[in-house]
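See below for the structure under consideration.
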Amino acid sequence: MGQQQLLLIVLGVIVVGIAVVVGINLFTANAVSANRDGVVADLNNLGAMAQQYYRKPTSMGGGGNTFTGWTIPTKTDTTPNGTYAATVSAASVTIVGTGNEINAGSPIKHTATVTSTTITIVKTN
C-alpha cells in the first residue's frame, strides 16, 4: 500500500505542477492581448486627435489641412498601456506605440499611419 500512495502523491504533484504552468501561460497571454488592445485604442485616439488638428482652421489653432505642427499632447504620450512617438509630415502622421508587456523577448509595438481620411494600424511586434 505504501508504494501505491507514494505513486499517487507523485502523480498529484505532477498534475498540480502542470496546472500551475498552464495557468501562468494563460495569464501572460491575456496580459499581452490586453496590452495590445490598449495600445491600439490609444493609437486610434491619437490618430483622431491628429485628424481633428488637420481639419481645424489655422485661425482656431489647427493645421488648416496640413499635419505640420501637430504633436502628441504631453499627457497622452505616456499612458498605462505604453509610450507613443510621432513623426509628422504635411500629408500624414506616423505614430509608433510601444506597449508595456513583453512578447517573445521584446515589447509590443504597433504603428499607426494617419492621413486626412484614414487611420491604419499595423502590428510591428
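Ligands are numbered from 1 in the order shown, chains are lettered A, B, ... in the order of the C-alpha cells, and residues start at 1 in each chain.
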Those in chain A with helix (DSSP H, G or I) from DSSP, as number ranges by chain: A: 2-55, 58-60, 74-76
Within 12 Å of stretch 78-87 of chain A: each stretch 33-70 of chain A residue with its shortest pair, only C-alpha atoms, as a tab-separated table:
```
residue	atom	partner	partner_atom	distance
A:Ser33	CA	A:Asn81	CA	11.4
A:Ala34	CA	A:Asn81	CA	8.9
A:Asn35	CA	A:Asn81	CA	6.0
A:Arg36	CA	A:Asn81	CA	8.2
A:Asp37	CA	A:Asn81	CA	8.9
A:Gly38	CA	A:Asn81	CA	5.6
A:Val39	CA	A:Asn81	CA	5.7
A:Val40	CA	A:Asn81	CA	9.4
A:Ala41	CA	A:Asn81	CA	9.4
A:Asp42	CA	A:Asn81	CA	8.0
A:Leu43	CA	A:Tyr84	CA	8.2
A:Asn44	CA	A:Tyr84	CA	11.8
A:Asn45	CA	A:Tyr84	CA	11.6
A:Leu46	CA	A:Tyr84	CA	9.2
A:Gly47	CA	A:Ala86	CA	10.1
A:Ala50	CA	A:Ala86	CA	10.2
A:Phe67	CA	A:Thr87	CA	10.2
A:Thr68	CA	A:Thr87	CA	10.0
A:Gly69	CA	A:Thr87	CA	10.7
A:Trp70	CA	A:Ala86	CA	9.1
```
Atom-to-atom span, atom CA of A:Thr94 and atom CA of A:Met60, Å: 23.7 Å
Closest of A:Val13, A:Ala91, A:Ile18, A:Met49 to A:Thr71 - atom-to-atom distances counting only C-alpha atoms: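 Closest candidate: A:Met49.
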Near-A:Asn65 list (8 Å; only C-alpha atoms; drop same-chain fewer than 6 positions) as a ChimeraX atom specification: /A:54-57,116
For atom CA of A:Val93 and atom CA of A:Thr111, the interatomic separation in Å (one decimal): 10.3 Å
Which of stretch 28-121 of chain A DSSP labels strand (DSSP E), written as a ChimeraX atom specification: /A:82-88,93-103,106-114,119-121
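For the pair atom CA of A:Thr115 and atom CA of A:Ser92, the interatomic distance is 4.7 Å.
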